[in-house]
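Shown next: upload31.cif, containing mmCIF, C-alpha atoms.
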```
data_work
loop_
_atom_site.label_atom_id
_atom_site.label_comp_id
_atom_site.auth_asym_id
_atom_site.auth_seq_id
_atom_site.Cartn_x
_atom_site.Cartn_y
_atom_site.Cartn_z
CA MET A 16 30.52 18.79 13.86
CA ARG A 17 28.75 19.20 10.52
CA VAL A 18 25.52 21.21 10.35
CA LEU A 19 23.20 20.77 7.35
CA TYR A 20 20.44 23.17 6.27
CA PHE A 21 17.47 22.41 4.02
CA ALA A 22 14.71 24.26 2.18
CA TRP A 23 14.18 27.91 3.22
CA VAL A 24 16.62 27.53 6.12
CA ARG A 25 19.31 26.72 3.54
CA GLU A 26 18.17 29.55 1.25
CA ARG A 27 18.22 32.19 3.98
CA ILE A 28 21.60 31.12 5.31
CA GLY A 29 22.92 30.92 1.76
CA SER A 30 24.70 27.65 2.40
CA ALA A 31 23.76 23.96 2.57
CA GLU A 32 26.25 23.00 5.25
CA GLU A 33 29.02 24.22 7.51
CA GLU A 34 31.55 22.76 9.93
CA VAL A 35 31.16 24.18 13.44
CA ASP A 36 32.85 23.71 16.81
CA PRO A 37 30.42 24.92 19.46
CA PRO A 38 31.62 25.53 23.07
CA PRO A 39 30.62 22.96 25.74
CA GLU A 40 27.73 25.05 27.11
CA VAL A 41 26.02 24.68 23.71
CA ASP A 42 24.70 21.24 24.61
CA THR A 43 21.36 20.79 22.79
CA ILE A 44 20.13 21.38 19.25
CA ALA A 45 18.03 24.31 20.52
CA ALA A 46 21.16 25.86 22.06
CA LEU A 47 23.08 25.20 18.85
CA ILE A 48 20.38 27.02 16.86
CA SER A 49 20.65 30.10 19.16
CA TRP A 50 24.43 29.97 18.93
CA LEU A 51 24.34 29.76 15.10
CA ALA A 52 21.70 32.51 14.76
CA VAL A 53 24.17 35.33 15.47
CA ARG A 54 26.62 34.31 12.75
CA SER A 55 25.06 36.45 10.01
CA ALA A 56 21.90 38.27 9.01
CA GLY A 57 21.02 35.20 6.95
CA HIS A 58 21.46 32.89 9.94
CA ALA A 59 19.33 35.25 12.04
CA ALA A 60 16.54 35.25 9.44
CA ALA A 61 16.64 31.46 9.10
CA LEU A 62 16.96 30.51 12.75
CA ALA A 63 14.93 33.19 14.58
CA ASP A 64 11.81 31.11 15.21
CA CYS A 65 12.42 27.69 16.77
CA ASP A 66 8.71 26.82 16.44
CA ARG A 67 9.17 26.65 12.66
CA LEU A 68 12.28 24.48 12.83
CA ARG A 69 12.80 20.74 13.01
CA ALA A 70 16.02 18.77 13.34
CA ALA A 71 17.77 15.48 12.78
CA ARG A 72 20.77 14.07 14.63
CA ASP A 73 22.88 11.72 12.55
CA GLU A 74 20.04 11.32 9.99
CA GLU A 75 17.36 10.60 12.60
CA PHE A 76 14.48 13.04 13.38
CA VAL A 77 14.81 14.24 17.02
CA PRO A 78 13.28 16.96 19.24
CA LEU A 79 15.20 20.25 19.48
CA GLN A 80 15.93 19.47 23.16
CA THR A 81 18.16 16.57 22.09
CA ALA A 82 21.79 16.67 23.24
CA ILE A 83 24.43 17.16 20.55
CA ALA A 84 27.37 15.56 22.38
CA GLY A 85 28.92 12.90 20.15
CA ALA A 86 26.87 13.79 17.07
CA ARG A 87 28.62 13.73 13.70
CA GLU A 88 25.92 15.62 11.85
CA ILE A 89 23.04 17.89 12.86
CA ALA A 90 20.43 18.91 10.25
CA ILE A 91 18.14 21.92 10.72
CA PHE A 92 15.12 22.42 8.49
CA PRO A 93 11.45 23.48 8.27
CA PRO A 94 8.61 20.99 8.82
CA VAL A 95 8.66 18.46 5.99
CA THR A 96 6.22 18.58 3.05
CA GLY A 97 6.79 15.45 0.98
CA GLY A 98 4.40 12.91 -0.46
CA MET B 18 -42.46 -14.14 -16.67
CA ARG B 19 -38.85 -15.26 -16.97
CA VAL B 20 -37.12 -16.70 -13.90
CA LEU B 21 -33.29 -16.83 -13.84
CA TYR B 22 -31.16 -18.99 -11.52
CA PHE B 23 -27.51 -18.49 -10.63
CA ALA B 24 -24.67 -20.35 -8.88
CA TRP B 25 -25.74 -23.38 -6.79
CA VAL B 26 -29.42 -22.53 -7.26
CA ARG B 27 -28.90 -22.97 -11.00
CA GLU B 28 -26.86 -26.15 -10.46
CA ARG B 29 -29.43 -27.81 -8.20
CA ILE B 30 -32.34 -26.91 -10.47
CA GLY B 31 -30.30 -28.03 -13.48
CA SER B 32 -31.38 -25.04 -15.56
CA ALA B 33 -30.37 -21.38 -15.85
CA GLU B 34 -33.83 -20.05 -16.67
CA GLU B 35 -37.44 -20.93 -17.25
CA GLU B 36 -40.66 -19.23 -18.37
CA VAL B 37 -43.38 -19.42 -15.74
CA ASP B 38 -46.95 -18.19 -15.38
CA PRO B 39 -47.79 -18.14 -11.68
CA PRO B 40 -51.41 -17.80 -10.50
CA PRO B 41 -52.52 -14.41 -9.08
CA GLU B 42 -52.16 -15.50 -5.43
CA VAL B 43 -48.41 -15.92 -6.02
CA ASP B 44 -47.78 -12.20 -5.57
CA THR B 45 -44.28 -11.81 -4.08
CA ILE B 46 -40.86 -13.26 -4.83
CA ALA B 47 -41.07 -15.29 -1.59
CA ALA B 48 -44.39 -16.76 -2.74
CA LEU B 49 -42.92 -17.43 -6.17
CA ILE B 50 -40.04 -19.34 -4.55
CA SER B 51 -42.47 -21.55 -2.59
CA TRP B 52 -44.55 -22.11 -5.70
CA LEU B 53 -41.45 -23.05 -7.77
CA ALA B 54 -40.03 -25.33 -5.03
CA VAL B 55 -42.53 -28.14 -5.72
CA ARG B 56 -41.70 -28.40 -9.43
CA SER B 57 -38.97 -31.02 -9.03
CA ALA B 58 -36.56 -32.53 -6.52
CA GLY B 59 -33.93 -30.14 -7.88
CA HIS B 60 -36.18 -27.12 -7.34
CA ALA B 61 -36.91 -28.34 -3.79
CA ALA B 62 -33.20 -28.70 -3.01
CA ALA B 63 -32.38 -25.28 -4.45
CA LEU B 64 -35.29 -23.32 -3.02
CA ALA B 65 -35.90 -24.93 0.39
CA ASP B 66 -34.19 -22.31 2.52
CA CYS B 67 -35.25 -18.72 1.85
CA ASP B 68 -32.63 -17.41 4.29
CA ARG B 69 -29.92 -18.49 1.86
CA LEU B 70 -31.59 -16.90 -1.18
CA ARG B 71 -31.45 -13.41 -2.64
CA ALA B 72 -33.35 -11.98 -5.60
CA ALA B 73 -33.45 -9.33 -8.29
CA ARG B 74 -36.48 -7.92 -10.06
CA ASP B 75 -35.75 -6.70 -13.60
CA GLU B 76 -31.99 -6.65 -12.87
CA GLU B 77 -32.29 -4.75 -9.56
CA PHE B 78 -31.56 -6.34 -6.14
CA VAL B 79 -34.78 -6.41 -4.07
CA PRO B 80 -36.05 -8.03 -0.84
CA LEU B 81 -37.90 -11.35 -1.17
CA GLN B 82 -41.10 -9.58 -0.01
CA THR B 83 -41.14 -7.55 -3.24
CA ALA B 84 -44.23 -7.88 -5.44
CA ILE B 85 -43.81 -9.61 -8.81
CA ALA B 86 -46.75 -7.98 -10.61
CA GLY B 87 -45.53 -6.41 -13.84
CA ALA B 88 -42.01 -7.89 -13.63
CA ARG B 89 -40.42 -9.16 -16.84
CA GLU B 90 -37.63 -11.05 -15.12
CA ILE B 91 -37.06 -12.41 -11.61
CA ALA B 92 -33.62 -13.75 -10.67
CA ILE B 93 -33.08 -16.08 -7.69
CA PHE B 94 -29.56 -16.75 -6.37
CA PRO B 95 -27.35 -17.25 -3.30
CA PRO B 96 -25.70 -14.29 -1.53
CA VAL B 97 -23.11 -12.78 -3.88
CA THR B 98 -19.36 -13.41 -3.51
CA GLY B 99 -17.59 -11.21 -6.05
CA GLY B 100 -14.61 -8.90 -5.73
CA MET C 22 -14.94 9.70 -16.20
CA ILE C 23 -16.55 6.42 -15.16
CA ARG C 24 -15.36 3.16 -16.72
CA VAL C 25 -16.98 -0.19 -15.90
CA VAL C 26 -15.91 -3.40 -17.63
CA VAL C 27 -16.97 -7.00 -17.03
CA THR C 28 -14.81 -9.29 -19.12
CA SER C 29 -13.51 -12.82 -19.48
CA ALA C 30 -10.15 -11.48 -20.72
CA PRO C 31 -7.13 -11.14 -18.39
CA ILE C 32 -6.78 -7.80 -16.59
CA VAL C 33 -3.57 -6.02 -17.70
CA LEU C 34 -2.57 -3.50 -15.03
CA ALA C 35 -0.39 -1.37 -17.31
CA ASP C 36 -3.27 -0.96 -19.77
CA GLU C 37 -5.79 -0.17 -17.05
CA LEU C 38 -3.52 2.41 -15.46
CA ALA C 39 -2.86 4.04 -18.80
CA MET C 40 -6.62 4.46 -19.20
CA ALA C 41 -7.34 5.57 -15.62
CA GLU C 42 -7.91 9.26 -15.02
CA GLN C 43 -4.94 10.65 -13.09
CA SER C 44 -5.37 14.00 -11.40
CA GLY C 45 -3.57 14.78 -8.18
CA ALA C 46 -4.17 11.47 -6.42
CA LEU C 47 -4.77 8.00 -7.84
CA ALA C 48 -5.64 5.01 -5.66
CA THR C 49 -5.95 1.49 -7.04
CA PHE C 50 -6.88 -1.93 -5.74
CA THR C 51 -6.22 -5.24 -7.47
CA GLY C 52 -7.64 -8.53 -6.20
CA MET C 53 -6.04 -11.81 -7.26
CA VAL C 54 -6.98 -15.50 -7.06
CA ARG C 55 -5.29 -17.11 -4.05
CA ALA C 56 -4.26 -20.76 -3.92
CA ASP C 57 -5.71 -21.15 -0.40
CA ASP C 58 -6.57 -24.74 0.61
CA GLY C 59 -5.23 -26.05 -2.68
CA VAL C 60 -7.57 -24.13 -4.98
CA THR C 61 -6.58 -24.88 -8.58
CA GLU C 62 -9.27 -22.92 -10.44
CA LEU C 63 -11.74 -20.16 -9.71
CA MET C 64 -14.90 -19.84 -11.81
CA LEU C 65 -16.66 -16.48 -11.64
CA GLU C 66 -20.33 -16.60 -12.59
CA HIS C 67 -22.30 -13.38 -13.00
CA TYR C 68 -25.69 -11.98 -14.04
CA PRO C 69 -25.04 -10.25 -17.37
CA GLY C 70 -26.66 -6.84 -17.59
CA ALA C 71 -27.45 -6.63 -13.88
CA THR C 72 -23.73 -6.79 -13.08
CA GLU C 73 -22.80 -3.81 -15.23
CA ARG C 74 -25.80 -1.95 -13.88
CA ALA C 75 -24.83 -2.58 -10.24
CA LEU C 76 -21.19 -1.60 -10.84
CA GLU C 77 -22.13 1.57 -12.70
CA ALA C 78 -24.52 2.58 -9.92
CA LEU C 79 -21.75 2.01 -7.38
CA ALA C 80 -19.23 4.01 -9.42
CA ARG C 81 -21.70 6.89 -9.76
CA VAL C 82 -22.27 6.98 -6.00
CA ALA C 83 -18.51 7.12 -5.34
CA PHE C 84 -18.00 9.70 -8.07
CA GLN C 85 -20.41 12.15 -6.47
CA ARG C 86 -19.70 11.41 -2.82
CA TRP C 87 -15.93 12.00 -3.14
CA SER C 88 -15.97 14.48 -6.09
CA LEU C 89 -13.84 12.08 -8.12
CA SER C 90 -12.32 12.93 -11.47
CA GLY C 91 -12.25 9.25 -12.41
CA ALA C 92 -13.60 5.87 -11.29
CA THR C 93 -12.70 2.55 -12.95
CA ILE C 94 -14.03 -0.91 -12.12
CA VAL C 95 -12.84 -3.91 -14.15
CA HIS C 96 -14.13 -7.31 -13.03
CA ARG C 97 -13.13 -10.55 -14.66
CA VAL C 98 -15.57 -13.44 -15.09
CA GLY C 99 -15.20 -17.06 -16.21
CA SER C 100 -12.35 -19.41 -15.41
CA MET C 101 -9.20 -18.20 -13.60
CA VAL C 102 -6.19 -19.79 -11.93
CA PRO C 103 -4.26 -18.70 -8.82
CA GLY C 104 -2.39 -15.45 -9.48
CA ASP C 105 -4.90 -14.22 -12.05
CA ARG C 106 -6.42 -10.81 -11.38
CA ILE C 107 -10.14 -10.91 -10.52
CA VAL C 108 -10.86 -7.25 -9.99
CA PHE C 109 -9.24 -3.86 -10.52
CA VAL C 110 -10.54 -0.63 -9.04
CA ALA C 111 -9.03 2.83 -9.63
CA THR C 112 -10.19 6.16 -8.24
CA SER C 113 -8.77 9.58 -8.96
CA ALA C 114 -9.32 12.85 -7.11
CA ALA C 115 -7.61 16.14 -6.35
CA HIS C 116 -6.60 14.95 -2.86
CA ARG C 117 -5.44 11.66 -1.46
CA ALA C 118 -8.08 11.06 1.22
CA ALA C 119 -10.88 11.15 -1.37
CA ALA C 120 -9.08 8.77 -3.73
CA LEU C 121 -8.13 6.30 -0.98
CA GLU C 122 -11.56 6.27 0.66
CA ALA C 123 -13.47 5.97 -2.61
CA CYS C 124 -11.23 3.04 -3.64
CA ALA C 125 -11.88 1.20 -0.35
CA PHE C 126 -15.61 1.97 -0.66
CA LEU C 127 -15.83 0.51 -4.16
CA ILE C 128 -14.06 -2.73 -3.36
CA ASP C 129 -16.00 -3.22 -0.11
CA ARG C 130 -19.35 -2.52 -1.71
CA LEU C 131 -18.90 -4.45 -4.92
CA LYS C 132 -18.40 -7.55 -2.80
CA THR C 133 -21.97 -7.26 -1.51
CA ASP C 134 -23.78 -5.22 -4.19
CA ALA C 135 -22.86 -6.86 -7.50
CA PRO C 136 -24.17 -10.23 -8.74
CA PHE C 137 -21.00 -12.33 -8.91
CA TRP C 138 -20.58 -15.85 -7.54
CA LYS C 139 -17.28 -17.66 -7.03
CA ARG C 140 -16.87 -21.40 -7.45
CA GLU C 141 -13.55 -22.93 -6.41
CA ARG C 142 -12.07 -26.10 -7.82
CA LEU C 143 -9.86 -28.19 -5.53
CA GLY C 144 -8.47 -31.08 -7.56
CA ASP C 145 -11.53 -32.95 -8.86
CA ARG C 146 -14.21 -31.45 -6.64
CA HIS C 147 -15.64 -27.95 -6.55
CA ARG C 148 -17.41 -25.77 -4.01
CA TRP C 149 -19.29 -22.47 -4.08
CA VAL C 150 -17.62 -19.80 -1.99
CA GLU C 151 -19.68 -18.76 1.03
CA PRO C 152 -20.08 -15.03 1.67
CA ARG C 153 -18.01 -13.79 4.60
CA LYS C 154 -19.61 -11.95 7.52
CA SER C 155 -16.60 -9.61 7.49
CA ASP C 156 -17.53 -8.59 3.92
CA ASP C 157 -21.02 -7.59 5.07
CA ALA C 158 -19.51 -5.62 7.95
CA SER C 159 -17.03 -3.86 5.67
CA ALA C 160 -19.77 -2.93 3.21
CA ALA C 161 -22.13 -1.77 5.95
CA GLN C 162 -19.68 0.77 7.34
CA TRP C 163 -20.18 2.96 4.25
CA GLN C 164 -23.50 4.61 5.05
CA LEU C 165 -25.26 5.91 1.98
CA MET D 14 9.81 -7.72 -0.10
CA ILE D 15 10.51 -4.07 0.71
CA ARG D 16 11.51 -1.67 -2.08
CA VAL D 17 12.38 1.97 -1.39
CA VAL D 18 13.60 4.28 -4.17
CA VAL D 19 14.35 8.02 -4.13
CA THR D 20 15.03 9.16 -7.66
CA SER D 21 15.09 12.16 -9.96
CA ALA D 22 13.84 10.00 -12.85
CA PRO D 23 10.16 9.93 -13.86
CA ILE D 24 8.00 7.30 -12.12
CA VAL D 25 6.65 4.80 -14.67
CA LEU D 26 3.57 3.11 -13.20
CA ALA D 27 3.65 0.07 -15.45
CA ASP D 28 7.26 -0.64 -14.44
CA GLU D 29 6.56 -0.13 -10.76
CA LEU D 30 3.53 -2.41 -10.86
CA ALA D 31 5.45 -5.09 -12.69
CA MET D 32 7.99 -5.04 -9.84
CA ALA D 33 5.45 -4.85 -6.99
CA GLU D 34 4.72 -8.03 -5.08
CA GLN D 35 1.23 -9.22 -5.93
CA SER D 36 -0.37 -11.78 -3.65
CA GLY D 37 -4.11 -11.78 -3.06
CA ALA D 38 -4.58 -8.03 -2.69
CA LEU D 39 -2.56 -5.13 -4.07
CA ALA D 40 -3.27 -1.51 -3.15
CA THR D 41 -1.44 1.41 -4.73
CA PHE D 42 -1.37 5.16 -4.36
CA THR D 43 0.10 7.64 -6.82
CA GLY D 44 0.49 11.34 -6.06
CA MET D 45 0.89 13.83 -8.91
CA VAL D 46 1.86 17.49 -9.21
CA ARG D 47 -1.25 19.67 -9.40
CA ALA D 48 -1.40 22.97 -11.28
CA ASP D 49 -3.23 24.66 -8.36
CA ASP D 50 -2.93 28.47 -8.24
CA GLY D 51 -0.95 28.48 -11.48
CA VAL D 52 1.95 26.33 -10.29
CA THR D 53 4.28 25.75 -13.24
CA GLU D 54 7.05 23.78 -11.54
CA LEU D 55 7.54 21.79 -8.35
CA MET D 56 11.02 21.34 -6.91
CA LEU D 57 11.43 18.52 -4.40
CA GLU D 58 14.40 18.90 -2.07
CA HIS D 59 15.40 16.07 0.26
CA TYR D 60 18.03 14.96 2.77
CA PRO D 61 19.98 12.21 1.00
CA GLY D 62 20.57 9.20 3.19
CA ALA D 63 18.13 10.28 5.88
CA THR D 64 15.29 10.09 3.35
CA GLU D 65 15.93 6.49 2.40
CA ARG D 66 16.39 5.62 6.06
CA ALA D 67 13.06 7.19 7.05
CA LEU D 68 11.19 5.53 4.18
CA GLU D 69 12.71 2.12 4.90
CA ALA D 70 11.81 2.42 8.58
CA LEU D 71 8.25 3.29 7.62
CA ALA D 72 8.01 0.40 5.15
CA ARG D 73 9.31 -2.03 7.80
CA VAL D 74 6.69 -0.84 10.31
CA ALA D 75 3.90 -1.36 7.76
CA PHE D 76 5.32 -4.71 6.69
CA GLN D 77 5.12 -6.12 10.20
CA ARG D 78 1.95 -4.41 11.38
CA TRP D 79 -0.15 -5.67 8.45
CA SER D 80 1.78 -8.88 7.66
CA LEU D 81 2.46 -7.61 4.15
CA SER D 82 4.05 -9.68 1.43
CA GLY D 83 5.32 -6.54 -0.29
CA ALA D 84 5.78 -2.80 0.31
CA THR D 85 7.07 -0.36 -2.30
CA ILE D 86 7.77 3.36 -1.90
CA VAL D 87 9.12 5.35 -4.84
CA HIS D 88 9.56 9.09 -4.29
CA ARG D 89 10.74 11.46 -6.96
CA VAL D 90 13.00 14.43 -6.16
CA GLY D 91 14.22 17.42 -8.18
CA SER D 92 12.25 19.43 -10.72
CA MET D 93 8.76 18.37 -11.82
CA VAL D 94 5.88 19.89 -13.78
CA PRO D 95 2.11 19.53 -13.28
CA GLY D 96 0.99 16.00 -14.09
CA ASP D 97 4.33 14.43 -13.12
CA ARG D 98 4.18 11.67 -10.53
CA ILE D 99 5.75 12.62 -7.19
CA VAL D 100 5.20 9.47 -5.19
CA PHE D 101 4.11 5.87 -5.69
CA VAL D 102 3.21 3.49 -2.87
CA ALA D 103 2.22 -0.16 -3.30
CA THR D 104 1.29 -2.66 -0.62
CA SER D 105 0.47 -6.31 -1.06
CA ALA D 106 -1.15 -8.72 1.40
CA ALA D 107 -3.30 -11.85 1.48
CA HIS D 108 -6.45 -9.81 2.22
CA ARG D 109 -7.74 -6.47 1.03
CA ALA D 110 -8.14 -4.66 4.36
CA ALA D 111 -4.45 -5.10 5.18
CA ALA D 112 -3.31 -3.89 1.75
CA LEU D 113 -5.65 -0.87 1.74
CA GLU D 114 -4.85 0.21 5.30
CA ALA D 115 -1.10 -0.21 4.92
CA CYS D 116 -1.17 1.85 1.72
CA ALA D 117 -3.06 4.70 3.43
CA PHE D 118 -0.70 4.46 6.42
CA LEU D 119 2.41 4.77 4.25
CA ILE D 120 1.22 7.79 2.28
CA ASP D 121 -0.07 9.55 5.40
CA ARG D 122 3.08 8.93 7.38
CA LEU D 123 5.64 9.66 4.71
CA LYS D 124 4.16 13.16 4.49
CA THR D 125 5.25 13.84 8.08
CA ASP D 126 8.11 11.38 8.68
CA ALA D 127 10.41 11.74 5.67
CA PRO D 128 12.70 14.72 4.99
CA PHE D 129 11.26 16.14 1.75
CA TRP D 130 10.48 19.80 1.07
CA LYS D 131 8.38 21.15 -1.79
CA ARG D 132 9.05 24.47 -3.49
CA GLU D 133 6.48 25.70 -6.00
CA ARG D 134 7.19 28.00 -8.90
CA LEU D 135 4.40 30.32 -10.06
CA GLY D 136 5.61 32.20 -13.11
CA ASP D 137 8.75 34.04 -12.00
CA ARG D 138 8.40 33.72 -8.24
CA HIS D 139 8.64 30.70 -5.97
CA ARG D 140 7.36 29.70 -2.54
CA TRP D 141 8.03 26.89 -0.11
CA VAL D 142 4.97 24.75 0.53
CA GLU D 143 3.71 25.04 4.11
CA PRO D 144 2.84 21.82 5.92
CA ARG D 145 -0.89 21.26 6.27
CA LYS D 146 -2.50 20.68 9.67
CA SER D 147 -4.66 18.00 8.02
CA ASP D 148 -1.47 16.08 7.14
CA ASP D 149 -0.41 16.05 10.77
CA ALA D 150 -3.88 14.87 11.76
CA SER D 151 -3.87 12.11 9.13
CA ALA D 152 -0.45 10.92 10.26
CA ALA D 153 -1.34 11.06 13.95
CA GLN D 154 -4.34 8.73 13.54
CA TRP D 155 -1.96 5.80 12.95
CA GLN D 156 -0.88 5.02 16.50
CA LEU D 157 2.39 3.14 16.63
#
```
Once you've parsed the file, please lay out its structure as structure tokens.
Amino acid sequence: MRVLYFAWVRERIGSAEEEVDPPPEVDTIAALISWLAVRSAGHAAALADCDRLRAARDEEFVPLQTAIAGAREIAIFPPVTGG
Amino acid sequence: MRVLYFAWVRERIGSAEEEVDPPPEVDTIAALISWLAVRSAGHAAALADCDRLRAARDEEFVPLQTAIAGAREIAIFPPVTGG
Amino acid sequence: MIRVVVTSAPIVLADELAMAEQSGALATFTGMVRADDGVTELMLEHYPGATERALEALARVAFQRWSLSGATIVHRVGSMVPGDRIVFVATSAAHRAAALEACAFLIDRLKTDAPFWKRERLGDRHRWVEPRKSDDASAAQWQL
Amino acid sequence: MIRVVVTSAPIVLADELAMAEQSGALATFTGMVRADDGVTELMLEHYPGATERALEALARVAFQRWSLSGATIVHRVGSMVPGDRIVFVATSAAHRAAALEACAFLIDRLKTDAPFWKRERLGDRHRWVEPRKSDDASAAQWQL
């Protein structure tokens, strides 16, 4: 599964994307975020506070409680600020 | 005093403006309209129904009850339809 | 900056936009002649002098109420055909809500507050356009 | 007609207007980079693919809800300086209320529904723009 990072999430992690293979008990985006957070100090800094994070599953905005089974691509990012 | 007519008021009267000198008892725009209405069949057709008329005094929209004393120019016209 | 123009010349959007103040947020509205019911020509009559005065008063009200950096009103008069632009309004402000609201205010209010009259031609007959109740309602919602 | 463009090229208003559908009423909104607090550069990051998808979905919603004849969204990405245009929205409909409302809807909703992130540069430091509560409130007023 591919995980994409944007904005300050990307900056803190130091990478725009990574390929991951989470274990079966990591079943939602929220669980995926907790699982990713221990990978590095950068991951921890980026992913510590779920309240400041939003996500997309296969290019579609979804709540963090969304299941990840079958997803090709999960994106994790701060609240958007376009327009 | 100059009286201006616009739109179908102008068309029915057959003239865009005229100079008039109403007697002192013709003191408001509504009274002026009644006084003008008897001038010709065209005036009567144009000025019969006060509900369908609006007016300006010296280029400023005003109610028909407005006094005409001291006015240079009174305009009489249908409700506006610009934009 | 306030710009009010009443003209019989066509309204060129690119030119108007180039002249419009642009600071943060710019909202515009353009009204065009529709070919409803087989209308072939629209004649716009106005009250020279009073028209400019009414539009300038309206623009000044919007300018202050929404702290605009720019307000433009261009209204065409005379003979037009379907597709021609009748009116262009542009408002500019630091933030979008002010620009969008002021633009809607100006177009709603100029329909009831400025001395213009529309006459439609349909083939060989013509008719004066009746004011719409919905226009009065739209204008009335902007308390002054 | 729906037109959605995400581009790193400057937004040219005259070109966009020439392409926008114009039928009866045309409303536009243009957002520009402000030099607030000494901002010298704005960097717009986005999520390629998802961005276009979100904007097209939004344009389709507006198109149906207000029976539009045209909806255009052009959003710039990459590096910009104060005065540069970030976003252009145009909506066209038979009547003005539909065009004006749909235009306000699109700009309000794209601020919360499309994956863009703004980073401001102030001299030699930079900061990510925080979302504004007022943007959420503006977007939420448009019930779907």
Polymer residues at most 9 Å from range 56-61 of chain C, all atoms listed in the file, same-chain spacing of 2 or more positions, as a ChimeraX atom specification: /C:54,63,101-104,141-144
Care to translate the PyMOL selection byres ((chain B and resi 33-40) around 9) into actual residues of this file, as JSON, numbers by chain? {"B": [18, 19, 20, 21, 22, 23, 26, 27, 28, 30, 31, 32, 41, 42, 43, 44, 49, 52, 53, 92]}
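Taking only C-alpha atoms into account, the polymer residues that have an atom no farther than 7 Å from (-20.6, -23.2, -6.3) are Ala24 and Trp25 of chain B; Lys139, Arg140, His147, Arg148, Trp149 and Val150 of chain C.
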Run through the PyMOL selection byres ((chain D) within 9 of (chain A)) on the given coordinates and return the selected residues as a ChimeraX atom specification. /D:44,57-60,62-64,66-67,88,99-101,120-132,141-145
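CA of Ser51 in chain B lies 14.1 Å from CA of Thr83 in chain B.
Note that CA of Leu121 in chain C and CA of Val26 in chain C are 20.8 Å apart.
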Once the PyMOL selection byres ((chain D and resi 19) around 9) has been evaluated on this model, what residues remain selected, and can you format them as a PDB file with C-alpha atoms, in the coordinates of the input?
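Once written, expr.pdb looks like this:
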```
ATOM      1  CA  VAL D  17      12.380   1.970  -1.390  1.00  0.00           C
ATOM      2  CA  VAL D  18      13.600   4.280  -4.170  1.00  0.00           C
ATOM      3  CA  THR D  20      15.030   9.160  -7.660  1.00  0.00           C
ATOM      4  CA  SER D  21      15.090  12.160  -9.960  1.00  0.00           C
ATOM      5  CA  ALA D  22      13.840  10.000 -12.850  1.00  0.00           C
ATOM      6  CA  PRO D  61      19.980  12.210   1.000  1.00  0.00           C
ATOM      7  CA  THR D  64      15.290  10.090   3.350  1.00  0.00           C
ATOM      8  CA  GLU D  65      15.930   6.490   2.400  1.00  0.00           C
ATOM      9  CA  ILE D  86       7.770   3.360  -1.900  1.00  0.00           C
ATOM     10  CA  VAL D  87       9.120   5.350  -4.840  1.00  0.00           C
ATOM     11  CA  HIS D  88       9.560   9.090  -4.290  1.00  0.00           C
ATOM     12  CA  ARG D  89      10.740  11.460  -6.960  1.00  0.00           C
ATOM     13  CA  VAL D  90      13.000  14.430  -6.160  1.00  0.00           C
TER      14      VAL D  90
END
```
Skipping near chain neighbours, those fewer than 6 positions away, what residues fall within 6 Å of Ala115 in chain C using all atoms listed in the file, listed as number ranges by chain? C: 44-46
Starting from chain C, keep only residues with some atom at most 6 Å from an atom of chain D, counting all atoms listed in the file, and report them as a PyMOL selection string. chain C and resi 35+45-53+55
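CA of Arg78 in chain D to CA of Ala161 in chain C spans 24.8 Å [interatomic distance, one decimal].
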Axis-aligned box for all listed atoms of range 58-75 of chain D, 6 Å per side, centre and edges in Å to one decimal, as JSON:
```
{"center_x": 12.2, "center_y": 8.4, "center_z": 4.1, "size_x": 28.7, "size_y": 32.9, "size_z": 24.4}
```
